[in-house]
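First the structure, in the form of structure tokens, and then the observations on it.
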Amino acid sequence: MSQKQNGAEMAWNDNNNQTPPELDEVIKDFKNKFNSTFGGGSSGKSGASKAAKGSFKYILILAVLVWLLSGIYIVDPAERGVVLRFGAFQTSTTQGPHWHIPYPIESVYKVNVEQVRATEIGFRNSPNSYSGGVSSESLMLTKDENMVDVNLAVQYKIVDAKAFLFNVYQPELTLSHVVQSVIRQVVGDNTMDHVLTTGRDQISQEVKSASQALLNDYGVGLMITAVTMQDAQPPIQVKASFDDVVKAREDEQRYINEARAYSNDIVPKARGASQRIMAEAEAYKSQVVSKSEGEAYRFTQILTEYLKAPEVTRERLYRETLEDVLSSTNKVIVDSSSNSLMYLPIDQLINANRTSRSSSTATIYQQTPSGQVDESVLRSRENR
């Protein structure tokens, strides 16, 4: 039993020590080529050749394993992997670990599709480049044949990694040229005042939509996220004159506003004064008309009485007229038969007498319990 086992173990060891016939043939061919090239092949070196044969086998296997492991790659969440086979597009991969046939059969490009990139039109703000205006990009002609200096900042990101890598040569430069073409067209359709003042947001939106449409037609694989007009002003050569024009327009608008404010202040006052004068005129008209109508009615009544009794009516009118005239004048009666007349301030005495009589009458009126004037008291007071 032990002999059978020993025989089996010897057969198993012999099989393990033997190499596959294909690999053995490859090694022999390589050895023959190596010996023929470098002049080897002596029988004294047979042991060394066997050792070299075994070590070359392990080196070759290790090299194959390393080559296969080099095909493992990891794609980040913000990236997309583009696999090429002999330079032609093969597939696109998303985040996570992946494997491809190693170089030179296949290669992988990783593209960040979440990064927001930016480009400048008309100026450069990069620390590695010249910081300032680029007149060849910024100077544009408006609809009213004026020159303006426009600076744009464009933000974009990659939405199609395959199209970004293979459809267009230098896609970012293509984006810059597309935006320059569109902004010139949009500025050329508007006046200078619109571009410099109220039309900035509108122009930015028009540039964004038109540029995105062209990029989609070209298949660049880019999406514009924002277009911002950083600055819009006349060329530096005429900026001083343009500032004077703007200042004159501002002064004009200020004067117009002041005139409107004065008009808004004086017109209501004038209208109020005119309404007051018209109301006073209407009141005066009503007063005069009413008075005239009353006088006419009174004259008619007097005429009727006059026709009935002319002498009586004439005497009455005469007496009433004398009463009206003499009631407002001072009267002094002097006897002409007296030869010697002492001058006295009779008019002043009369006025003083009238004043004292008026004050006494007012006192009597205030002491009346019923609050009315007692005519008997007044008559007695006047008689005194």
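By order of appearance in the structure tokens: chains A, B, ..., then residues from 1 within every chain, and ligands from 1 in the order shown.
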
For Gly199 of chain A, list every protein, DNA or RNA residue within 12 Å, evaluated using only C-alpha atoms, and leave out those in the same chain fewer than 3 positions away; present the list as a PDB file with C-alpha atoms, in the first residue's frame.
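Result file is around-v5.pdb:
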ATOM      1  CA  VAL A 186     -27.517  91.740 -30.420  1.00  0.00           C
ATOM      2  CA  VAL A 187     -25.689  95.047 -29.837  1.00  0.00           C
ATOM      3  CA  ASP A 189     -29.843  95.530 -33.189  1.00  0.00           C
ATOM      4  CA  ASN A 190     -30.066  98.045 -30.306  1.00  0.00           C
ATOM      5  CA  THR A 191     -29.235 101.688 -29.768  1.00  0.00           C
ATOM      6  CA  MET A 192     -26.347 102.941 -27.697  1.00  0.00           C
ATOM      7  CA  ASP A 193     -28.560 104.340 -24.912  1.00  0.00           C
ATOM      8  CA  HIS A 194     -30.373 101.017 -24.594  1.00  0.00           C
ATOM      9  CA  VAL A 195     -27.101  99.093 -24.335  1.00  0.00           C
ATOM     10  CA  LEU A 196     -25.548 101.437 -21.770  1.00  0.00           C
ATOM     11  CA  GLN A 202     -32.304  91.947 -21.731  1.00  0.00           C
ATOM     12  CA  ILE A 203     -29.140  91.797 -23.841  1.00  0.00           C
ATOM     13  CA  SER A 204     -27.582  89.227 -21.485  1.00  0.00           C
ATOM     14  CA  GLN A 205     -30.628  86.951 -21.790  1.00  0.00           C
ATOM     15  CA  GLU A 206     -30.673  87.266 -25.576  1.00  0.00           C
ATOM     16  CA  MET A 229     -22.568  92.071 -18.698  1.00  0.00           C
ATOM     17  CA  ALA A 232     -20.702  98.700 -21.023  1.00  0.00           C
TER      18      ALA A 232
END

| message | If we count only C-alpha atoms and set the cut-off at 9 Å, which residues sit around segment 73-77 of chain A, ignoring sequence neighbours fewer than 5 positions away in its own chain? Please answer as number ranges by chain. | response | A: 93-100, 108, 110, 112, 114

| message | DSSP on the backbone: which residues in segment 96-219 of chain A end up as strand (DSSP E)? Give the answer as a ChimeraX atom specification. | response | /A:96-99,106-112,117-121,123-124,132-133,139-141,147-158

| request: Within segment 116-363 of chain A, find each residue whose DSSP state, derived from the backbone, is alpha helix (DSSP H), and express the selection as number ranges by chain. | output: A: 135-138, 161-166, 171-188, 192-196, 200-218, 239-308, 310-326, 346-363

| field | Length of the atom CA of Ala240 of chain A to atom CA of Asn146 of chain A vector [Å] | value |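 Interatomic distance, atom CA of Ala240 of chain A to atom CA of Asn146 of chain A: 15.1 Å.
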
| request: Pick out the residues sitting within 9 Å of segment 164-171 of chain A, and hand them over as a list in words; count only C-alpha atoms, and ignore anything fewer than 2 positions along from it in its own chain. | output: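 So the residues in contact are Val82, Phe89, Tyr109, Val111, Ile158, Val159, Asp160, Ala161, Lys162, Leu173, Thr174, Leu175, Ser176, Tyr218, Gly219, Val220, Gly221 and Leu222 of chain A.
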
| Hey, which of A:Gly188, A:Pro104, A:Gly81, A:Pro234 ends up closest to Asp149 of chain A? Count only C-alpha atoms. |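 Distance minimum relative to Asp149 of chain A lands on A:Pro234.
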